[in-house]
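Have a look at the structure below before the remarks.
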Amino acid sequence: MTTRINETVAYLKAKGFDNPEVGIILGTGLGKLIDTIDIITKVSYNHIPNFPTATVEFHKGKLIYGTLEGKKIIVMQGRFHLYEGYSLQDITYPVRIMQQLGIKTLLVSNASGAINTTFKKGELMLIDDHINLQGSSPLAFKGVETLGERFVDMSTPYDNTLNLAFEAIAKMHNIKLHKGVYASVVGPQLETRAEYRMLKLIGADAVGMSTVPEVIVANHLKLKVAAISVLTDECDPDNLAPVNIAEIIKMAEKAEPHMITIFKALIKDL
């Protein structure tokens with residue numbers, strides 16, 4: 001993997017990706033942050049050596065480098081998932097590349113379903129902790145110790161300082177920001193009523209199909225990481241409506257301005 005990482009980093013440096021400070025992963029329906037960035041250069045995933053290619057139609061598949069609030073940033077416009085057929089090592093490969101390019105902080109967004117019935121669609125949830133239900137780990141491969149400590153401490157996977165800053169910013173802008181536990185499942189099917197009940201019993205406040213692998217690798221690389229879920233649907237097993245993907249995307253887009261406000265303010269203060 002080290003050889004592959006070196007090849008990818010060399011390619012991106014030659015394309016002008018120069019010492020970014022912050023990495024951002026944009027989730028489903030959350031692409032308008034790009035409109036606020038002074039873009040210096042961008043590359044499609046399928047042009048980057050050793051990079052996976054996004055296969056989900058609403059994931060753009062571009063790596064973008066530019067400035068935001070005076071900081072150099074690198075943004076993944078579109079991410080990868082287990083349900084696309086990728087390995088956990090493929091999914092998290094871009095995090096390793098961003099770290100090698102220079103980032104010290106990783107901010108992650110996703111669209112997820114609200115398990116906590118006091119949370120409503122269109123609201124935001126700051127991820128305070130997570131439950132990995134994807135069946136494996138992105139660190140479970142031979143030679144991982146050459147890239148960082150094998151047995152990574154996960155007692156505080158989400159940086160407390162960043163989380164406190166997010167909460168203060170949300171309060172300042174009168175944005176409702178819940179805090180809770182995110183459960184990551186494989187997908188792509190959504191959950192049954194029984195599965196939603198199980199997730200609530202084990203302590204999940206929201207559920208999605210991403211984020212946890214990237215966060216594990218960010219901790220492996222000793223990056224500061226924080227993540228926000230945009231709650232796009234309500235997963236009440238006693239009042240469950242059939243899934244409507246178009247409605248989920250629409251709800252993500254509706255909540256996105258609040259997420260952008262919070263992300264921009266945090267980056268400015270870093």
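In the structure tokens, chains take letters A, B, ... by order of appearance, with residues numbered from 1 within each chain and ligands from 1 in the order shown.
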
Selection near range 171-175 of chain A, 9 Å with only C-alpha atoms, sequence-local residues under 5 positions removed, as a short mmCIF file (atom, residue, chain, number, x, y, z; two decimals) with C-alpha atoms, in the first residue's frame:
```
data_model
loop_
_atom_site.label_atom_id
_atom_site.label_comp_id
_atom_site.auth_asym_id
_atom_site.auth_seq_id
_atom_site.Cartn_x
_atom_site.Cartn_y
_atom_site.Cartn_z
CA GLU A 123 -32.04 18.64 11.56
CA LEU A 124 -28.35 18.03 12.22
CA PHE A 166 -19.25 22.96 16.56
CA HIS A 258 -26.86 24.97 8.14
CA THR A 261 -22.48 27.61 7.97
CA ILE A 262 -21.11 25.44 10.77
#
```

Please run DSSP on the backbone and report, as a PyMOL selection string, all residues within range 116-193 of chain A that come out as alpha helix (DSSP H).
chain A and resi 160-172+193

Emit the selected residues as an mmCIF file, in the first residue's frame, including C-alpha atoms.
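Final output, saved to part.cif:
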```cif
data_model
loop_
_atom_site.group_PDB
_atom_site.id
_atom_site.type_symbol
_atom_site.label_atom_id
_atom_site.label_comp_id
_atom_site.auth_asym_id
_atom_site.auth_seq_id
_atom_site.Cartn_x
_atom_site.Cartn_y
_atom_site.Cartn_z
ATOM 1 C CA ASN A 160 -13.665 16.959 21.897
ATOM 2 C CA THR A 161 -12.270 20.391 21.047
ATOM 3 C CA LEU A 162 -13.774 20.318 17.559
ATOM 4 C CA ASN A 163 -17.105 19.055 18.881
ATOM 5 C CA LEU A 164 -17.300 21.819 21.488
ATOM 6 C CA ALA A 165 -16.505 24.364 18.785
ATOM 7 C CA PHE A 166 -19.250 22.963 16.557
ATOM 8 C CA GLU A 167 -21.766 23.209 19.404
ATOM 9 C CA ALA A 168 -20.781 26.794 20.200
ATOM 10 C CA ILE A 169 -21.048 27.811 16.533
ATOM 11 C CA ALA A 170 -24.467 26.173 16.167
ATOM 12 C CA LYS A 171 -25.715 27.997 19.260
ATOM 13 C CA MET A 172 -24.360 31.312 17.968
ATOM 14 C CA ARG A 193 -38.690 -2.325 11.557
#
```

Give me every strand (DSSP E) residue in range 19-265 of chain A, going by DSSP on the backbone, as a PyMOL selection string.
chain A and resi 22-26+38-44+62-68+71-77+105-114+124-132+177-184+206-208+224-234

Which residues, written as a PyMOL selection string, have at least one atom at most 10 Å from Met1 in chain A, with only C-alpha atoms counted and residues fewer than 3 positions away on the same chain left out?
chain A and resi 4-7+50+89+93+143-144+146-147

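Across A:Thr192, A:Ser87, A:Gln99, A:Thr67, the tightest approach to Leu221 in chain A is made by A:Gln99 when counting only C-alpha atoms.
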
My list of candidates is A:Gly102, A:Gly180, A:Pro188, A:Gly23. Which is closest to Gly203 in chain A when distances are computed with only C-alpha atoms?
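Checking each of A:Gly102, A:Gly180, A:Pro188, A:Gly23 against Gly203 in chain A, counting only C-alpha atoms, the winner is A:Gly180.
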
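Closest approach to Leu266 in chain A among A:Ala218, A:Val181, A:Ala226, A:Leu63: A:Ala226, based on only C-alpha atoms.
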
Could you jot down the CA of Gly16 in chain A to CA of His81 in chain A separation for me, Å, one decimal place?
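Distance reported for this atom pair: 27.3 Å.
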
Selection near Tyr45 in chain A, 10 Å with only C-alpha atoms, sequence-local residues under 2 positions removed, as JSON, numbers by chain:
{"A": [42, 43, 47, 48, 49, 50, 51, 52, 53, 54, 60, 61, 62, 63, 76, 77, 78, 94]}

Now that the selection is made, can you save its residues with C-alpha atoms as a compact mmCIF listing (two decimals), in the first residue's frame?
```
# COMPACT_ATOMS: atom_id res chain seq x y z
CA LYS A 42 -9.72 19.61 -9.11
CA VAL A 43 -9.32 16.08 -10.44
CA HIS A 47 -7.97 10.10 -13.31
CA ILE A 48 -6.14 9.61 -9.99
CA PRO A 49 -3.77 6.62 -9.86
CA ASN A 50 -4.94 3.87 -7.47
CA PHE A 51 -8.09 5.79 -6.49
CA PRO A 52 -11.50 4.12 -6.31
CA THR A 53 -14.28 5.56 -8.50
CA ALA A 54 -17.65 6.60 -7.09
CA LYS A 60 -19.87 13.49 -8.04
CA GLY A 61 -16.49 11.78 -7.81
CA LYS A 62 -14.04 14.68 -7.69
CA LEU A 63 -11.14 15.65 -5.44
CA MET A 76 -13.92 14.74 -1.46
CA GLN A 77 -17.02 15.50 -3.51
CA GLY A 78 -18.42 11.99 -3.29
CA PRO A 94 -8.46 8.80 0.25
```

Contacts of Asn110 in chain A at 10 Å or less, counting only C-alpha atoms, minus same-chain residues fewer than 6 places along, as a list in words?
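The contact residues come out as Ile25, Leu26, Gly27, Thr28, Gly29, Leu30, Arg79, Leu124, Met125, Gly208, Met209, Ser210, Thr211, Ala227, Ile228, Ser229, Val230, Leu231, Thr232 and Ala252 of chain A.
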